[in-house]
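Enquirer: First, the structure itself, so that you have it in front of you.
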Amino acid sequence: MLTAFLMSLLTPIAPVLPATSKVAQSASQRQIILERQEMRPLMGKLDDVPMFNSNSPEIVQTEGILLSAFPPEGMAHPKAHLNFPFEGRFDLFTHHISKAPPPVDLRTLYIGAIAYNPTDQPVTIDTLLGASYLSQPDAPFYDAPNYSLNNNGETYRGPGDRAMLDILRGRRQDIFPAQIVIPPKQSRMLMNIPIPVKELEPPLNGRSGLSRLRSNGTVYIATLSLYARLNADGTERAPNLEEWENILKNGELAKPRDVVPTPPDRTEGFFEYSRVAGVQLGSQWFGNLTDKDSNDLAIPKSGESYSYGLSLLQYGTMGTGQVQTAPLKVRYPDTAYSAHGNYGVQYNLTLPLHNPTNETKTVTLSFQNPIKYDKPVGGLQFFEPLPDDVFFRGSVRVRFRDDRGLAQSRYVHLMMRRGERGKPLVTLKMPPSDRRVVQFDFLYPADATPPQVLTVTTTP
């Protein structure tokens with residue numbers, strides 16, 4: 001569950017991959033294959049919708065505060081509160097794991113999201129979309145094909161994958177009420193959901209979720225952790241509002257803390273991205289991918305390709321120099337400096353393809369997982385044979401008109417290993433002067449490791 005991202009947390013700043021076409025790795029005889037092509041920065045930008053990003057500590061073993069954007073005044077531990085009010089559109093992203101702490105404690109851990117209305121008028125929060133899933137039993141991690149058609153929405157691997165698929169498909173789970181009204185100077189729970197471990201071996205379980213919300217007034221938000229309370233007969237119950245309010249006012253930051261991030265200005269040694277706990281600016285990336293000074297995107301020459309980076313990040317810009325990471329408006333000092341990985345961010349990309357030649361061309365659009373690099377190496381690098389490490393689990397959507405002129409909307413589930421080329425999502429036969437618009441979108445799922453690329457190829 002954690003392997004791919006943990007590998008990405010510790011990354012060398014200096015380039016380590018050679019720019020030769022084929023290099024044998026002495027330990028495993030695995031080869032790095034360089035495919036020469038153009039890497040392009042991704043056009044467009046993030047919007048300015050704030051996202052409450054609760055992802056640190058990832059593994060939670062104590063009761064406490066996960067992330068609080070409440071004001072610090074009147075709180076027992078003021079430094080645990082970051083004082084960021086929300087109003088209008090905002091997102092709430094959560095990704096946490098319960099691991100039974102020693103000595104073994106198999107109580108159910110609850111994750112709560114509390115909202116407080118500081119005003120003198122009622123405030124209404126609408127849940128536009130919402131999804132949250134457990135690793136077990138909702139969305140277990142298991143092997144799958146690297147490419148599966150997923151128009152029925154039934155293919156997913158892991159809770160991050162499944163939750164992002166629901167949002168992409170425009171869904172709201174029943175566990176999220178369509179609307180919550182918060183009276184003046186009062187709190188209400190946006191979320192009060194369990195992560196059980198009692199029947200699992202090992203006693204480890206995770207939960208990922210995303211909600212798109214809209215408030216008609218100012219609210220403060222916090223995510224918190226509490227273990228189940230016991231009824232008189234010994235059965236468990238969910239914590240109530242008063243118990244959540246008490247941990248908010250009196251609790252400390254939950255533990256254990258994640259690895260401390262490397263300052264972003266570090267230029268030598270190794271770079272620790274760490275996990276995110278803060279409020280980021282940016283929920284969706286909108287991009288119209290065209291040539292310079294044109295409304296079209298000319299297809300590559302025969303036998304050539306160009307690619308656009310997805311979720312490019314510091315020291316992983318794939319030769320473009322572009323960092324797409326959402327900036328954090330507030331954060332805790334021992335957590336990530338920015339929202340590395342853009343978990344929960346939706347990419348909405350339009351490709352107005354044009355065949356400017358006088359010959360019919362076959363064009364493909366592919367989602368690929370090349371080896372991460374920063375400085376240009378002359379193309380994209382792939383492994384042969386592939387390692388076992390899965391770096392991306394998630395569904396993407398492509399919408400286009402096929403060669404018969406019929407509108408198509410296709411969901412494709414991808415499970416890609418590090419250094420994997422990927423199969424075409426779309427294949428178009430474009431006559432001379434043909435224009436075809438392809439729309440590509442997906443939400444970057446938790447438990448994936450950035451970056452990836454979107455590649456346009458004209459076959460020979």
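Quick note on naming: the chains in the structure tokens go A, B, ... in the order shown, residues restart at 1 in each chain, and ligands are numbered from 1 in order of appearance.
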Excluding region 48-61 of chain A and residues on its chain fewer than 4 positions from it, collect all residues at most 8 Å away from it, counting only C-alpha atoms, and give them as number ranges by chain.
Expert: A: 66-67, 89-101, 223, 225, 254-258, 275-284, 335
Enquirer: So which bits of region 126-272 of chain A end up helix (DSSP H, G or I) when you DSSP the backbone, as a list in words?
Expert: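 Taking region 126-272 of chain A and keeping helix (DSSP H, G or I) only, one gets Pro159, Gly160, Asp161, Arg162, Ala163, Met164, Leu165, Asp166, Ile167, Leu168, Leu241, Glu242, Glu243, Trp244, Glu245, Asn246, Ile247, Leu248, Lys249 and Asn250 of chain A.
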Enquirer: Compare A:Thr62, A:Asn250, A:Asn151, A:Thr124 by their minimum atom-to-atom distance to Lys79 (chain A), counting only C-alpha atoms, and give me the closest one.
Expert: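 Result for the nearest residue to Lys79 (chain A): A:Asn250.
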Enquirer: Give the answer as one residue: which of A:Phe70, A:Phe392, A:Tyr147, A:Phe141 has the shortest atom-to-atom distance to Ala115 (chain A), using only C-alpha atoms?
Expert: A:Phe70
Enquirer: Which residues are near region 179-185 of chain A? Cut-off 7 Å, only C-alpha atoms, ignore same chain within fewer than 6 positions. Put them as a PyMOL selection string.
Expert: chain A and resi 116-127
Enquirer: Write the residues of the preceding selection, restricted to N, CA, C and O atoms, as a PDB file, in the first residue's frame.
Expert:
```pdb
ATOM      1  N   TYR A 116     -17.225  24.618  12.184  1.00  0.00           N
ATOM      2  CA  TYR A 116     -17.748  25.574  13.177  1.00  0.00           C
ATOM      3  C   TYR A 116     -18.172  26.854  12.477  1.00  0.00           C
ATOM      4  O   TYR A 116     -17.475  27.366  11.585  1.00  0.00           O
ATOM      5  N   ASN A 117     -19.314  27.367  12.871  1.00  0.00           N
ATOM      6  CA  ASN A 117     -19.848  28.623  12.345  1.00  0.00           C
ATOM      7  C   ASN A 117     -19.558  29.748  13.331  1.00  0.00           C
ATOM      8  O   ASN A 117     -20.195  29.819  14.380  1.00  0.00           O
ATOM      9  N   PRO A 118     -18.613  30.661  13.020  1.00  0.00           N
ATOM     10  CA  PRO A 118     -18.271  31.732  13.963  1.00  0.00           C
ATOM     11  C   PRO A 118     -19.185  32.952  13.842  1.00  0.00           C
ATOM     12  O   PRO A 118     -19.004  33.931  14.576  1.00  0.00           O
ATOM     13  N   THR A 119     -20.162  32.914  12.924  1.00  0.00           N
ATOM     14  CA  THR A 119     -20.969  34.099  12.644  1.00  0.00           C
ATOM     15  C   THR A 119     -22.239  34.127  13.493  1.00  0.00           C
ATOM     16  O   THR A 119     -22.523  33.210  14.264  1.00  0.00           O
ATOM     17  N   ASP A 120     -23.009  35.187  13.297  1.00  0.00           N
ATOM     18  CA  ASP A 120     -24.272  35.358  14.020  1.00  0.00           C
ATOM     19  C   ASP A 120     -25.478  34.880  13.218  1.00  0.00           C
ATOM     20  O   ASP A 120     -26.626  35.069  13.636  1.00  0.00           O
ATOM     21  N   GLN A 121     -25.245  34.272  12.061  1.00  0.00           N
ATOM     22  CA  GLN A 121     -26.311  33.759  11.216  1.00  0.00           C
ATOM     23  C   GLN A 121     -26.064  32.285  10.916  1.00  0.00           C
ATOM     24  O   GLN A 121     -24.925  31.825  10.916  1.00  0.00           O
ATOM     25  N   PRO A 122     -27.115  31.512  10.656  1.00  0.00           N
ATOM     26  CA  PRO A 122     -26.902  30.114  10.246  1.00  0.00           C
ATOM     27  C   PRO A 122     -26.081  30.053   8.959  1.00  0.00           C
ATOM     28  O   PRO A 122     -26.210  30.920   8.081  1.00  0.00           O
ATOM     29  N   VAL A 123     -25.247  29.044   8.857  1.00  0.00           N
ATOM     30  CA  VAL A 123     -24.449  28.816   7.654  1.00  0.00           C
ATOM     31  C   VAL A 123     -24.797  27.447   7.095  1.00  0.00           C
ATOM     32  O   VAL A 123     -24.886  26.456   7.838  1.00  0.00           O
ATOM     33  N   THR A 124     -24.994  27.391   5.789  1.00  0.00           N
ATOM     34  CA  THR A 124     -25.322  26.141   5.115  1.00  0.00           C
ATOM     35  C   THR A 124     -24.122  25.660   4.306  1.00  0.00           C
ATOM     36  O   THR A 124     -23.535  26.426   3.540  1.00  0.00           O
ATOM     37  N   ILE A 125     -23.764  24.389   4.494  1.00  0.00           N
ATOM     38  CA  ILE A 125     -22.721  23.760   3.694  1.00  0.00           C
ATOM     39  C   ILE A 125     -23.375  22.703   2.814  1.00  0.00           C
ATOM     40  O   ILE A 125     -24.021  21.773   3.311  1.00  0.00           O
ATOM     41  N   ASP A 126     -23.231  22.856   1.495  1.00  0.00           N
ATOM     42  CA  ASP A 126     -23.730  21.884   0.537  1.00  0.00           C
ATOM     43  C   ASP A 126     -22.607  20.937   0.148  1.00  0.00           C
ATOM     44  O   ASP A 126     -21.490  21.368  -0.142  1.00  0.00           O
ATOM     45  N   THR A 127     -22.915  19.638   0.142  1.00  0.00           N
ATOM     46  CA  THR A 127     -21.973  18.646  -0.357  1.00  0.00           C
ATOM     47  C   THR A 127     -22.305  18.383  -1.817  1.00  0.00           C
ATOM     48  O   THR A 127     -23.300  17.716  -2.133  1.00  0.00           O
TER      49      THR A 127
END
```
Enquirer: Any idea what's packed within 6 Å of Tyr343 (chain A), counting only C-alpha atoms, ignoring anything in its chain fewer than 5 positions away? Could you give it as a PDB file with all heavy atoms, in the first residue's frame?
Expert:
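Wrote selection-v7.pdb, looks like this:
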```
ATOM      1  N   TYR A 444      -6.012  13.005  -9.425  1.00  0.00           N
ATOM      2  CA  TYR A 444      -4.800  12.304  -9.008  1.00  0.00           C
ATOM      3  C   TYR A 444      -5.085  11.547  -7.718  1.00  0.00           C
ATOM      4  O   TYR A 444      -5.459  12.134  -6.702  1.00  0.00           O
ATOM      5  CB  TYR A 444      -3.628  13.267  -8.821  1.00  0.00           C
ATOM      6  CG  TYR A 444      -2.327  12.515  -8.952  1.00  0.00           C
ATOM      7  CD1 TYR A 444      -1.697  12.406 -10.193  1.00  0.00           C
ATOM      8  CD2 TYR A 444      -1.766  11.845  -7.877  1.00  0.00           C
ATOM      9  CE1 TYR A 444      -0.537  11.663 -10.347  1.00  0.00           C
ATOM     10  CE2 TYR A 444      -0.614  11.102  -8.017  1.00  0.00           C
ATOM     11  CZ  TYR A 444      -0.004  11.018  -9.249  1.00  0.00           C
ATOM     12  OH  TYR A 444       1.137  10.268  -9.391  1.00  0.00           O
ATOM     13  N   PRO A 445      -4.931  10.208  -7.729  1.00  0.00           N
ATOM     14  CA  PRO A 445      -5.338   9.395  -6.583  1.00  0.00           C
ATOM     15  C   PRO A 445      -4.252   9.264  -5.518  1.00  0.00           C
ATOM     16  O   PRO A 445      -3.057   9.256  -5.822  1.00  0.00           O
ATOM     17  CB  PRO A 445      -5.638   8.032  -7.220  1.00  0.00           C
ATOM     18  CG  PRO A 445      -4.725   7.970  -8.400  1.00  0.00           C
ATOM     19  CD  PRO A 445      -4.543   9.387  -8.891  1.00  0.00           C
ATOM     20  N   ALA A 446      -4.672   9.149  -4.276  1.00  0.00           N
ATOM     21  CA  ALA A 446      -3.745   8.789  -3.204  1.00  0.00           C
ATOM     22  C   ALA A 446      -3.169   7.407  -3.488  1.00  0.00           C
ATOM     23  O   ALA A 446      -3.772   6.595  -4.181  1.00  0.00           O
ATOM     24  CB  ALA A 446      -4.465   8.795  -1.867  1.00  0.00           C
TER      25      ALA A 446
END
```
